[in-house]
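A.B. asks: Here you go, this is query22.cif (mmCIF, C-alpha atoms).
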```
data_entry
#
loop_
_atom_site.label_atom_id
_atom_site.label_comp_id
_atom_site.auth_asym_id
_atom_site.auth_seq_id
_atom_site.Cartn_x
_atom_site.Cartn_y
_atom_site.Cartn_z
CA MET A 1 -160.84 -153.84 -12.97
CA PRO A 2 -163.58 -156.53 -12.83
CA THR A 3 -162.90 -159.45 -15.20
CA ALA A 4 -166.30 -159.24 -16.90
CA LEU A 5 -165.83 -155.58 -17.75
CA ARG A 6 -162.32 -156.10 -19.03
CA THR A 7 -163.47 -159.02 -21.23
CA ALA A 8 -166.32 -156.99 -22.71
CA ARG A 9 -163.93 -154.22 -23.67
CA ILE A 10 -161.55 -156.65 -25.34
CA ARG A 11 -164.32 -158.20 -27.40
CA ARG A 12 -165.51 -154.78 -28.46
CA SER A 13 -162.06 -153.64 -29.53
CA GLU A 14 -161.54 -156.84 -31.54
CA SER A 15 -164.89 -156.71 -33.35
CA ALA A 16 -164.56 -156.35 -37.10
CA GLY A 17 -165.72 -152.99 -38.38
CA THR A 18 -166.09 -151.37 -34.95
CA PRO A 19 -166.00 -147.59 -35.46
CA GLN A 20 -164.02 -145.05 -33.51
CA ILE A 21 -166.57 -142.79 -31.80
CA LYS A 22 -166.03 -139.03 -31.56
CA ALA A 23 -169.39 -137.70 -30.30
CA ILE A 24 -172.49 -138.97 -28.49
CA ALA A 25 -176.05 -137.85 -27.76
CA ALA A 26 -178.69 -139.27 -25.42
CA GLY A 27 -182.45 -139.05 -25.91
CA ASN A 28 -185.25 -140.54 -23.83
CA TYR A 29 -184.38 -144.24 -23.45
CA TYR A 30 -182.09 -144.28 -26.49
CA ALA A 31 -178.65 -143.09 -27.57
CA LEU A 32 -176.73 -142.01 -30.66
CA ALA A 33 -173.03 -142.10 -31.48
CA LEU A 34 -171.12 -140.35 -34.26
CA ALA A 35 -168.09 -142.18 -35.59
CA ALA A 36 -164.91 -140.57 -36.89
CA ASP A 37 -165.75 -141.83 -40.38
CA GLY A 38 -169.01 -139.82 -40.42
CA THR A 39 -171.36 -142.74 -39.80
CA VAL A 40 -174.04 -142.74 -37.09
CA TRP A 41 -174.90 -145.56 -34.69
CA ALA A 42 -177.97 -145.95 -32.47
CA TRP A 43 -179.41 -148.21 -29.79
CA GLY A 44 -182.19 -148.37 -27.21
CA ASP A 45 -185.92 -147.59 -27.52
CA ASN A 46 -187.24 -147.28 -31.06
CA SER A 47 -190.99 -146.86 -30.57
CA GLY A 48 -191.03 -143.66 -32.63
CA GLY A 49 -188.44 -144.70 -35.19
CA GLN A 50 -185.75 -142.66 -33.46
CA LEU A 51 -183.00 -145.22 -34.19
CA GLY A 52 -183.40 -144.54 -37.91
CA ASP A 53 -182.98 -148.13 -39.06
CA GLY A 54 -186.31 -148.34 -40.89
CA THR A 55 -188.01 -150.34 -38.11
CA LEU A 56 -189.73 -149.80 -34.76
CA SER A 57 -187.73 -152.57 -33.10
CA PRO A 58 -185.70 -151.70 -29.99
CA ARG A 59 -181.97 -152.46 -30.17
CA ARG A 60 -179.89 -153.70 -27.26
CA THR A 61 -176.61 -153.14 -29.11
CA PRO A 62 -175.53 -150.35 -31.49
CA ILE A 63 -176.69 -150.56 -35.10
CA ASN A 64 -175.47 -148.45 -37.98
CA ILE A 65 -177.94 -146.06 -39.63
CA ALA A 66 -177.03 -147.19 -43.11
CA SER A 67 -178.51 -144.23 -44.97
CA LEU A 68 -176.36 -141.68 -43.15
CA ASN A 69 -172.79 -140.77 -44.01
CA GLY A 70 -170.66 -137.65 -44.03
CA ILE A 71 -172.12 -136.54 -40.68
CA GLN A 72 -170.37 -133.93 -38.54
CA ALA A 73 -172.80 -133.51 -35.60
CA ILE A 74 -175.75 -135.28 -33.97
CA ALA A 75 -178.49 -134.35 -31.48
CA ALA A 76 -181.14 -136.35 -29.65
CA GLY A 77 -184.52 -135.11 -28.44
CA ARG A 78 -187.06 -136.99 -26.38
CA GLY A 79 -187.96 -139.25 -29.27
CA HIS A 80 -186.51 -137.64 -32.39
CA SER A 81 -182.99 -137.43 -33.76
CA LEU A 82 -181.02 -134.92 -35.82
CA ALA A 83 -177.83 -135.14 -37.86
CA LEU A 84 -175.82 -132.40 -39.55
CA LYS A 85 -174.00 -133.39 -42.72
CA ASN A 86 -170.69 -132.00 -43.89
CA ASP A 87 -172.53 -130.32 -46.76
CA GLY A 88 -174.53 -128.20 -44.27
CA THR A 89 -177.86 -130.03 -44.62
CA VAL A 90 -179.87 -131.30 -41.65
CA TRP A 91 -181.50 -134.72 -41.45
CA ALA A 92 -184.16 -135.85 -38.98
CA TRP A 93 -186.06 -139.01 -38.00
CA GLY A 94 -188.23 -140.43 -35.24
CA TYR A 95 -191.26 -139.01 -33.41
CA ASN A 96 -192.92 -136.12 -35.25
CA ALA A 97 -196.26 -135.32 -33.60
CA PHE A 98 -195.36 -131.62 -33.34
CA GLY A 99 -193.41 -131.20 -36.57
CA GLN A 100 -189.99 -131.55 -34.93
CA LEU A 101 -188.63 -133.35 -38.01
CA GLY A 102 -189.11 -130.20 -40.08
CA ASP A 103 -190.39 -132.01 -43.18
CA GLY A 104 -193.75 -130.23 -43.45
CA SER A 105 -195.67 -133.08 -41.81
CA THR A 106 -196.46 -134.53 -38.40
CA THR A 107 -195.84 -138.13 -39.45
CA ASN A 108 -193.22 -140.20 -37.63
CA ARG A 109 -190.24 -141.29 -39.71
CA THR A 110 -188.25 -144.49 -39.19
CA ALA A 111 -185.41 -143.42 -41.49
CA PRO A 112 -183.61 -140.09 -41.88
CA GLY A 113 -185.11 -137.45 -44.15
CA GLN A 114 -183.84 -133.98 -45.01
CA VAL A 115 -185.21 -131.01 -43.09
CA MET A 116 -186.86 -128.54 -45.46
CA ASN A 117 -185.12 -125.36 -46.60
CA MET A 118 -182.10 -125.63 -44.28
CA PRO A 119 -178.84 -125.27 -46.24
CA GLN A 120 -175.52 -124.02 -44.86
CA VAL A 121 -176.17 -125.11 -41.28
CA THR A 122 -173.24 -125.07 -38.84
CA ALA A 123 -174.79 -126.28 -35.56
CA ILE A 124 -177.88 -128.17 -34.34
CA ALA A 125 -179.70 -128.92 -31.08
CA ALA A 126 -182.74 -130.97 -30.08
CA GLY A 127 -185.17 -130.27 -27.23
CA SER A 128 -187.87 -132.63 -26.05
CA PHE A 129 -190.11 -131.94 -29.04
CA HIS A 130 -188.39 -129.07 -30.89
CA SER A 131 -185.28 -128.58 -32.99
CA LEU A 132 -182.80 -125.74 -33.50
CA ALA A 133 -180.19 -124.96 -36.15
CA VAL A 134 -177.63 -122.22 -36.73
CA LYS A 135 -176.89 -121.15 -40.30
CA SER A 136 -173.53 -119.94 -41.54
CA ASP A 137 -174.87 -116.37 -41.59
CA GLY A 138 -175.34 -116.50 -37.80
CA THR A 139 -179.14 -116.73 -37.85
CA VAL A 140 -181.06 -119.33 -35.83
CA TRP A 141 -183.97 -121.42 -37.09
CA ALA A 142 -186.44 -123.56 -35.14
CA TRP A 143 -189.28 -126.02 -35.69
CA GLY A 144 -191.55 -128.35 -33.72
CA TYR A 145 -193.43 -127.89 -30.43
CA ASN A 146 -193.95 -124.25 -29.43
CA ILE A 147 -196.55 -124.07 -26.67
CA PHE A 148 -193.93 -122.53 -24.35
CA ASN A 149 -192.46 -120.14 -27.01
CA GLN A 150 -189.35 -122.31 -27.38
CA LEU A 151 -189.18 -121.59 -31.12
CA GLY A 152 -188.65 -117.88 -30.41
CA ASP A 153 -190.86 -116.64 -33.26
CA GLY A 154 -193.18 -114.61 -31.04
CA THR A 155 -196.01 -117.18 -31.18
CA THR A 156 -197.09 -120.40 -29.51
CA ASP A 157 -197.86 -122.09 -32.85
CA ASN A 158 -196.23 -125.44 -33.54
CA ARG A 159 -194.16 -125.44 -36.74
CA ASN A 160 -193.54 -128.41 -39.05
CA LYS A 161 -191.14 -126.34 -41.15
CA PRO A 162 -188.21 -124.23 -39.93
CA VAL A 163 -188.94 -120.62 -38.97
CA GLN A 164 -186.38 -117.97 -38.15
CA VAL A 165 -185.91 -117.13 -34.48
CA GLN A 166 -186.51 -113.42 -34.03
CA GLY A 167 -183.82 -110.89 -33.18
CA LEU A 168 -180.75 -113.11 -33.37
CA SER A 169 -177.63 -112.61 -35.47
CA GLY A 170 -173.97 -113.52 -35.12
CA ILE A 171 -174.84 -116.74 -33.29
CA ALA A 172 -172.14 -119.39 -32.93
CA SER A 173 -173.96 -122.20 -31.11
CA VAL A 174 -177.33 -123.24 -29.69
CA SER A 175 -178.65 -125.54 -27.01
CA ALA A 176 -182.14 -126.85 -26.34
CA GLY A 177 -183.76 -127.75 -23.03
CA SER A 178 -187.04 -129.61 -22.69
CA TYR A 179 -189.15 -126.55 -23.45
CA HIS A 180 -186.67 -123.67 -23.65
CA SER A 181 -183.78 -122.67 -25.90
CA ALA A 182 -180.46 -120.86 -25.58
CA ALA A 183 -177.93 -119.35 -27.97
CA LEU A 184 -174.38 -118.08 -27.66
CA SER A 185 -173.28 -115.30 -29.98
CA SER A 186 -169.80 -114.87 -31.39
CA ASP A 187 -169.19 -112.03 -28.91
CA ASN A 188 -170.01 -114.42 -26.03
CA THR A 189 -173.45 -112.97 -25.31
CA VAL A 190 -175.98 -115.51 -24.00
CA TRP A 191 -179.61 -115.43 -25.17
CA THR A 192 -182.59 -117.44 -23.90
CA TRP A 193 -186.26 -117.90 -24.80
CA GLY A 194 -189.17 -120.25 -24.07
CA SER A 195 -190.40 -121.78 -20.83
CA ASN A 196 -189.37 -120.06 -17.62
CA LEU A 197 -191.22 -122.17 -15.04
CA SER A 198 -188.05 -122.71 -13.00
CA GLY A 199 -186.27 -119.47 -13.87
CA GLN A 200 -184.34 -120.94 -16.78
CA MET A 201 -184.46 -117.65 -18.69
CA GLY A 202 -182.02 -116.20 -16.15
CA ASP A 203 -183.95 -112.93 -15.96
CA GLY A 204 -184.93 -113.11 -12.29
CA GLY A 205 -188.55 -114.00 -13.05
CA PHE A 206 -190.79 -116.88 -14.08
CA LYS A 207 -192.55 -115.50 -17.15
CA ASN A 208 -192.12 -117.37 -20.42
CA ARG A 209 -190.24 -115.48 -23.11
CA ALA A 210 -191.66 -115.44 -26.66
CA VAL A 211 -188.51 -114.04 -28.30
CA PRO A 212 -184.85 -114.16 -27.32
CA ALA A 213 -183.39 -111.77 -24.75
CA VAL A 214 -179.91 -111.37 -23.32
CA VAL A 215 -178.99 -113.05 -20.03
CA THR A 216 -177.28 -110.31 -18.04
CA GLY A 217 -174.68 -110.54 -15.30
CA PHE A 218 -171.90 -112.27 -17.20
CA LEU A 219 -168.54 -110.64 -17.80
CA PRO A 220 -168.81 -108.47 -20.92
CA PRO A 221 -166.46 -109.35 -23.78
CA LEU A 222 -163.49 -107.05 -24.23
CA THR A 223 -163.87 -105.25 -27.52
CA ASP A 224 -160.28 -104.44 -28.51
CA LEU A 225 -158.41 -107.75 -28.20
CA GLU A 226 -159.16 -109.33 -31.57
CA GLY A 227 -155.87 -110.08 -33.31
CA HIS A 228 -153.77 -108.94 -30.35
CA TRP A 229 -150.79 -111.12 -29.46
CA ALA A 230 -151.87 -111.32 -25.78
CA LYS A 231 -155.57 -112.05 -26.33
CA SER A 232 -155.51 -115.59 -24.94
CA LEU A 233 -153.54 -114.60 -21.84
CA ILE A 234 -155.75 -111.60 -21.11
CA THR A 235 -158.86 -113.70 -21.61
CA ALA A 236 -157.49 -116.30 -19.18
CA ALA A 237 -156.81 -113.57 -16.63
CA VAL A 238 -160.36 -112.24 -17.01
CA GLU A 239 -161.74 -115.74 -16.42
CA LYS A 240 -159.61 -116.05 -13.28
CA GLY A 241 -161.18 -112.84 -12.01
CA TYR A 242 -158.15 -110.62 -11.45
CA VAL A 243 -158.46 -108.55 -14.61
CA ASP A 244 -161.31 -106.53 -16.03
CA GLY A 245 -161.74 -103.85 -18.66
CA TYR A 246 -162.96 -100.29 -18.79
CA GLU A 247 -166.60 -99.24 -18.69
CA ASP A 248 -166.67 -98.87 -22.48
CA GLY A 249 -165.79 -102.58 -22.87
CA SER A 250 -162.19 -101.99 -23.90
CA PHE A 251 -159.02 -103.31 -22.28
CA ARG A 252 -156.49 -101.01 -24.00
CA PRO A 253 -153.77 -103.66 -24.00
CA ASP A 254 -151.02 -101.44 -25.36
CA ASN A 255 -151.55 -98.58 -22.91
CA PRO A 256 -148.97 -98.03 -20.14
CA ILE A 257 -149.86 -99.45 -16.73
CA THR A 258 -149.15 -97.76 -13.41
CA ARG A 259 -147.39 -99.28 -10.43
CA ALA A 260 -150.66 -99.07 -8.52
CA GLU A 261 -152.50 -101.05 -11.19
CA ILE A 262 -149.80 -103.72 -11.22
CA ALA A 263 -150.04 -103.99 -7.44
CA LYS A 264 -153.77 -104.66 -7.70
CA LEU A 265 -153.32 -107.23 -10.48
CA ALA A 266 -150.55 -109.07 -8.65
CA ALA A 267 -152.24 -109.11 -5.23
CA SER A 268 -155.51 -110.27 -6.79
CA ALA A 269 -153.89 -112.94 -8.96
CA LEU A 270 -151.86 -114.30 -6.05
CA LYS A 271 -155.00 -114.26 -3.87
CA LEU A 272 -153.39 -112.21 -1.11
CA LYS A 273 -155.63 -111.06 1.70
CA THR A 274 -156.36 -107.35 1.42
CA ALA A 275 -158.14 -105.03 3.82
CA ALA A 276 -160.59 -102.32 2.89
CA PRO A 277 -158.86 -98.96 2.41
CA ALA A 278 -159.02 -96.68 5.44
CA ALA A 279 -160.69 -93.33 5.12
CA GLY A 280 -158.44 -90.98 3.19
CA ASP A 281 -156.13 -93.73 1.93
CA PRO A 282 -155.58 -94.16 -1.81
CA TRP A 283 -157.45 -97.08 -3.42
CA TYR A 284 -154.28 -99.05 -4.12
CA LYS A 285 -152.82 -99.00 -0.59
CA PRO A 286 -154.39 -102.32 0.55
CA TYR A 287 -152.90 -104.11 -2.48
CA ALA A 288 -149.45 -102.59 -2.02
CA GLN A 289 -149.52 -103.38 1.70
CA ALA A 290 -150.61 -106.98 1.02
CA LEU A 291 -147.64 -107.44 -1.31
CA ALA A 292 -145.32 -105.89 1.26
CA ASP A 293 -146.71 -108.13 4.01
CA ALA A 294 -146.05 -111.14 1.74
CA GLY A 295 -142.47 -110.00 1.22
CA MET A 296 -142.95 -109.19 -2.45
CA TYR A 297 -142.33 -105.49 -1.93
CA GLY A 298 -139.72 -103.98 0.35
CA GLN A 299 -140.63 -101.19 2.74
CA ALA A 300 -138.80 -98.75 0.48
CA ASP A 301 -141.14 -99.70 -2.35
CA LEU A 302 -144.12 -98.44 -0.35
CA ALA A 303 -142.75 -94.92 -0.74
CA SER A 304 -142.81 -95.19 -4.55
CA ASP A 305 -144.81 -92.96 -6.83
CA TRP A 306 -147.65 -95.42 -7.33
CA ASN A 307 -149.30 -93.38 -10.06
CA ALA A 308 -146.16 -93.40 -12.20
CA PRO A 309 -145.96 -95.75 -15.20
CA ALA A 310 -144.44 -99.09 -14.24
CA THR A 311 -141.18 -100.07 -15.91
CA ARG A 312 -139.95 -103.45 -17.04
CA GLY A 313 -137.51 -103.28 -14.14
CA ASP A 314 -140.39 -102.79 -11.70
CA ILE A 315 -142.27 -105.84 -12.86
CA ALA A 316 -139.08 -107.94 -13.02
CA MET A 317 -138.46 -107.09 -9.36
CA LEU A 318 -141.98 -108.17 -8.44
CA ALA A 319 -141.67 -111.34 -10.53
CA VAL A 320 -138.49 -112.65 -8.90
CA ARG A 321 -139.78 -111.98 -5.39
CA ALA A 322 -143.14 -113.56 -6.15
CA THR A 323 -141.45 -116.74 -7.44
CA SER A 324 -138.55 -116.99 -4.97
CA LYS A 325 -139.47 -117.61 -1.33
CA GLU A 326 -135.90 -116.92 -0.23
CA LEU A 327 -136.30 -113.34 -1.45
CA GLN A 328 -139.53 -112.68 0.45
CA GLY A 329 -138.10 -111.72 3.85
CA PRO A 330 -138.82 -108.23 5.25
CA ASN A 331 -135.16 -107.26 5.30
CA VAL A 332 -134.20 -108.77 1.94
CA THR A 333 -133.07 -106.32 -0.73
CA VAL A 334 -132.96 -107.25 -4.39
CA ASP A 335 -130.67 -105.53 -6.85
CA SER A 336 -132.46 -104.40 -10.02
CA ALA A 337 -129.83 -105.98 -12.29
CA TYR A 338 -130.20 -109.28 -10.44
CA ALA A 339 -133.97 -109.05 -10.78
CA MET A 340 -133.76 -108.59 -14.55
CA GLN A 341 -131.26 -111.43 -14.88
CA THR A 342 -133.30 -113.85 -12.78
CA ALA A 343 -136.62 -112.98 -14.44
CA VAL A 344 -135.08 -113.63 -17.86
CA LYS A 345 -133.47 -116.91 -16.81
CA LYS A 346 -136.76 -118.14 -15.35
CA GLY A 347 -138.50 -117.38 -18.64
CA ILE A 348 -140.81 -114.85 -16.97
CA LEU A 349 -139.42 -111.78 -18.71
CA GLN A 350 -138.64 -111.83 -22.42
CA GLY A 351 -136.64 -109.36 -24.39
CA LEU A 352 -137.94 -106.70 -26.74
CA SER A 353 -136.73 -106.50 -30.33
CA GLY A 354 -133.32 -108.06 -30.64
CA GLY A 355 -133.57 -109.34 -27.07
CA ARG A 356 -133.24 -105.86 -25.54
CA LEU A 357 -133.89 -105.94 -21.79
CA ALA A 358 -134.74 -102.21 -21.48
CA PRO A 359 -135.36 -102.15 -17.70
CA GLU A 360 -136.23 -98.43 -17.78
CA GLU A 361 -138.86 -98.70 -20.49
CA THR A 362 -142.48 -98.57 -19.44
CA THR A 363 -144.50 -101.77 -19.59
CA THR A 364 -147.98 -102.12 -21.02
CA ARG A 365 -151.21 -103.58 -19.68
CA ALA A 366 -150.83 -106.61 -21.95
CA GLN A 367 -147.20 -107.15 -20.92
CA ALA A 368 -148.13 -106.88 -17.23
CA VAL A 369 -150.85 -109.52 -17.52
CA THR A 370 -148.45 -111.76 -19.44
CA ILE A 371 -145.82 -111.49 -16.70
CA ILE A 372 -148.36 -112.21 -13.97
CA GLU A 373 -149.66 -115.27 -15.86
CA ARG A 374 -146.06 -116.50 -16.08
CA ILE A 375 -145.59 -115.90 -12.35
CA LEU A 376 -148.63 -118.06 -11.68
CA SER A 377 -147.26 -120.75 -13.99
CA VAL A 378 -143.86 -120.82 -12.28
CA ASN A 379 -145.48 -120.94 -8.84
CA ALA A 380 -147.54 -123.90 -10.07
CA GLY A 381 -144.34 -125.76 -10.94
CA ALA A 382 -144.01 -124.99 -14.65
CA GLN A 383 -140.62 -124.66 -16.29
CA LEU A 384 -140.72 -121.78 -18.76
CA GLN A 385 -138.46 -121.50 -21.78
CA PRO A 386 -136.16 -118.45 -21.55
CA ASP A 387 -135.89 -116.07 -24.48
CA PRO A 388 -132.56 -116.95 -26.19
CA GLU A 389 -132.08 -113.41 -27.51
CA ALA A 390 -132.59 -111.97 -24.05
CA LEU A 391 -130.09 -114.48 -22.64
CA LYS A 392 -127.54 -113.21 -25.14
CA GLN A 393 -128.01 -109.71 -23.75
CA LEU A 394 -127.19 -111.10 -20.31
CA GLY A 395 -124.07 -112.74 -21.71
CA SER A 396 -125.48 -116.17 -20.78
#
```
Give the structure from the file, written as structure tokens.

C.D. replies:
Amino acid sequence: MPTALRTARIRRSESAGTPQIKAIAAGNYYALALAADGTVWAWGDNSGGQLGDGTLSPRRTPINIASLNGIQAIAAGRGHSLALKNDGTVWAWGYNAFGQLGDGSTTNRTAPGQVMNMPQVTAIAAGSFHSLAVKSDGTVWAWGYNIFNQLGDGTTDNRNKPVQVQGLSGIASVSAGSYHSAALSSDNTVWTWGSNLSGQMGDGGFKNRAVPAVVTGFLPPLTDLEGHWAKSLITAAVEKGYVDGYEDGSFRPDNPITRAEIAKLAASALKLKTAAPAAGDPWYKPYAQALADAGMYGQADLASDWNAPATRGDIAMLAVRATSKELQGPNVTVDSAYAMQTAVKKGILQGLSGGRLAPEETTTRAQAVTIIERILSVNAGAQLQPDPEALKQLGS
């Protein structure tokens, strides 16, 4: 590390009263920082009062905005700044030619002032000359410059007071570009509105959008996972691309899964090369053949009833072969009892109630995804913790 840089860091860490920073925001030629104690610091250009220190003087080092405390979030526009307090109120300062401070005026402000009529706010964002906020009821509000429809109220009128963005509910977060806006709902739907000069609406065109519309093409959220014990694992599998749901948006995590479906999940998760099915072949044959070619199925397995529900013994057999290269030869046979024992000891397979191994019981879609995620973890070098109750059933 260069000496000058190291020295600067030491001085900074030894400065009296130096805050611990937890969030930052960058505007046009200036920056903001939010400290862990809820104070806000600013530096850089201050020609519009965007540093909030009561002056128009630029600052080459961070200064504390003395009038702000209890802040949980900050945002920086081109020349205006926003802060969200712990009490849910929004405060703004800086350049205000288009009403982006939300105080009912177009007068610049060199110190923070409260945005009008905005209680119970949970998230904020700042565009070049407009501002956004999400309320605790999931609605979105906007104010400031609107020539490109970035306020989403169906007009191109600038607003110096917050107006509600049309058609949005259940919103969790917002983001603001220079002249366009975006929102993410609690069900992971993405919405956009405003300028579309470069296609930033994501709708395949270049026409500005006066009110929010959904950006299509993303994976739809699965509707029946809330509160399910395997939600996080299934969601991770969806993000990795080897799992999807049914056309109605459900995953049906507690439904039985067939051997054919497990073959597809495993081959896809392990990124095995699969060929297109030949004419007249069942859809699952390429996946089963890929697993056999990789030594994870024996030739006898290819004669299985692939449409039958998979058992815990079936998936244990796949798991130990997939995680043990010495068991992946074409002529290697694996005893089912050995497979159960090894899968349990590796922490891949856990017991049912009381540690029961139940190799003949059918497995579910959620259990299958869980096992495959554990296979991936073991293959990546992870050491999983075995289920102690299941180990007792093995006599270990």

A.B. asks: Please list as a list in words every residue within 7 Å of segment 211-223 of chain A, counting only C-alpha atoms and excluding residues in the same chain fewer than 2 positions away.

C.D. replies: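 Neighbouring residues, sequence-local ones excluded: Gly152, Asp153, Gly154, Gln166, Gly167, Asp187, Asn188, Thr189, Val190, Trp191, Thr192, Trp193, Gly202, Asp203, Arg209, Leu225, Gly245, Gly249, Ser250 and Phe251 of chain A.
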
A.B. asks: When the PyMOL selection byres ((chain A and resi 133-140) around 8) is applied to the file above, which residues end up in the set, as a PyMOL selection string?

C.D. replies: chain A and resi 118-125+131-132+141-142+164-165+168-174

A.B. asks: I'd like the contact shell of Asp103 of chain A - 12 Å cut-off, only C-alpha atoms, skipping same-chain residues fewer than 4 positions apart - returned as number ranges by chain.

C.D. replies: A: 90-94, 96-99, 107-109, 112-118, 131, 143-144, 159-162

A.B. asks: Would you kindly return, as a list in words, each protein, DNA or RNA residue with an atom no farther than 10 Å from any atom of Ser353 of chain A, considering only C-alpha atoms and excluding same-chain residues fewer than 4 positions away?

C.D. replies: Leu357, Glu389 and Ala390 of chain A

A.B. asks: Go through A:Asn196, A:Ser185, A:Gln100, A:Ser268 one by one, measure the shortest atom-to-atom distance of each to Tyr145 of chain A using only C-alpha atoms, and give the residue with the smallest value.

C.D. replies: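 Closest residue, counting only C-alpha atoms: A:Gln100.
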
A.B. asks: Let me make sure I understand: among A:Asn379, A:Ser181, A:Thr311, A:Thr39, which one has the smallest atom-to-atom distance to Ser324 of chain A if we use only C-alpha atoms?

C.D. replies: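 Among the listed residues, A:Asn379 lies closest to Ser324 of chain A.
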
A.B. asks: Between atom CA of Thr155 of chain A and atom CA of Ser128 of chain A, what is the spacing in Å?

C.D. replies: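 Result for atom CA of Ser128 of chain A versus atom CA of Thr155 of chain A: 18.2 Å, one decimal.
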
A.B. asks: Please report the interatomic distance between atom CA of Gly298 of chain A and atom CA of Leu318 of chain A in Å with one decimal.

C.D. replies: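 Separation of atom CA of Gly298 of chain A and atom CA of Leu318 of chain A: 10.0 Å.
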
A.B. asks: Please report the interatomic distance between atom CA of Pro256 of chain A and atom CA of Thr323 of chain A in Å with one decimal.

C.D. replies: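 Here the two named atoms are 23.8 Å from each other.
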
A.B. asks: Using all atoms listed in the file, find the one residue out of A:Leu265, A:Ile372, A:Ala337, A:Ala260 that sits nearest to Asp305 of chain A.

C.D. replies: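 Closest candidate: A:Ala260.
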
A.B. asks: Which residues fall under the PyMOL selection byres ((chain A and resi 36) around 9) in this file, as a JSON list (two decimals) with C-alpha atoms, in the coordinates of the input?

C.D. replies:
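Done, and the output landed in result-v7.json:
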```
[["chain", "number", "residue", "atom", "x", "y", "z"],
["A", 19, "PRO", "CA", -166.00, -147.59, -35.46],
["A", 20, "GLN", "CA", -164.02, -145.05, -33.51],
["A", 21, "ILE", "CA", -166.57, -142.79, -31.80],
["A", 22, "LYS", "CA", -166.03, -139.03, -31.56],
["A", 23, "ALA", "CA", -169.39, -137.70, -30.30],
["A", 34, "LEU", "CA", -171.12, -140.35, -34.26],
["A", 35, "ALA", "CA", -168.09, -142.18, -35.59],
["A", 37, "ASP", "CA", -165.75, -141.83, -40.38],
["A", 38, "GLY", "CA", -169.01, -139.82, -40.42],
["A", 39, "THR", "CA", -171.36, -142.74, -39.80],
["A", 72, "GLN", "CA", -170.37, -133.93, -38.54]]
```

A.B. asks: Hey, which of A:Asp244, A:Ile375, A:Arg259, A:Ala266 ends up closest to Ala303 of chain A? Count all atoms listed in the file.

C.D. replies: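 Of A:Asp244, A:Ile375, A:Arg259, A:Ala266, the one nearest Ala303 of chain A is A:Arg259, counting all atoms listed in the file.
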
A.B. asks: Is it possible to get the residues within 6 Å of (-178.8, -134.2, -28.2) (coordinates as in the file, counting all atoms listed in the file) written as a PyMOL selection string?

C.D. replies: chain A and resi 25-26+75-77+126

A.B. asks: Find the residues near Tyr29 of chain A: any atom within 12 Å, counting all atoms listed in the file, skip ones fewer than 2 places away on the same chain, and give them as a PyMOL selection string.

C.D. replies: chain A and resi 25-27+31-32+42-48+50-51+58-60+76-80

A.B. asks: Can I get the selection written as a compact mmCIF listing (two decimals), keeping the file's coordinate frame, with C-alpha atoms?

C.D. replies:
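Dumped everything to part36.txt:
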```txt
# COMPACT_ATOMS: atom_id res chain seq x y z
CA ALA A 25 -176.05 -137.85 -27.76
CA ALA A 26 -178.69 -139.27 -25.42
CA GLY A 27 -182.45 -139.05 -25.91
CA ALA A 31 -178.65 -143.09 -27.57
CA LEU A 32 -176.73 -142.01 -30.66
CA ALA A 42 -177.97 -145.95 -32.47
CA TRP A 43 -179.41 -148.21 -29.79
CA GLY A 44 -182.19 -148.37 -27.21
CA ASP A 45 -185.92 -147.59 -27.52
CA ASN A 46 -187.24 -147.28 -31.06
CA SER A 47 -190.99 -146.86 -30.57
CA GLY A 48 -191.03 -143.66 -32.63
CA GLN A 50 -185.75 -142.66 -33.46
CA LEU A 51 -183.00 -145.22 -34.19
CA PRO A 58 -185.70 -151.70 -29.99
CA ARG A 59 -181.97 -152.46 -30.17
CA ARG A 60 -179.89 -153.70 -27.26
CA ALA A 76 -181.14 -136.35 -29.65
CA GLY A 77 -184.52 -135.11 -28.44
CA ARG A 78 -187.06 -136.99 -26.38
CA GLY A 79 -187.96 -139.25 -29.27
CA HIS A 80 -186.51 -137.64 -32.39
```

A.B. asks: What lies within 8 Å of Gly54 of chain A using only C-alpha atoms, ignoring chain neighbours under 3 positions off, as a list in words?

C.D. replies: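 Skipping anything fewer than 3 positions along the chain leaves Gly49, Thr110 and Ala111 of chain A.
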
A.B. asks: Can you list what the PyMOL selection byres ((chain A and resi 360) around 7) grabs from this structure, as a PyMOL selection string?

C.D. replies: chain A and resi 311-313+358-359+361-362

A.B. asks: List as a PyMOL selection string: which residues have an atom within 12 Å of (-148.4, -119.7, -15.7), counting all atoms listed in the file?

C.D. replies: chain A and resi 233+236-237+269-270+319+323+346-348+369-385
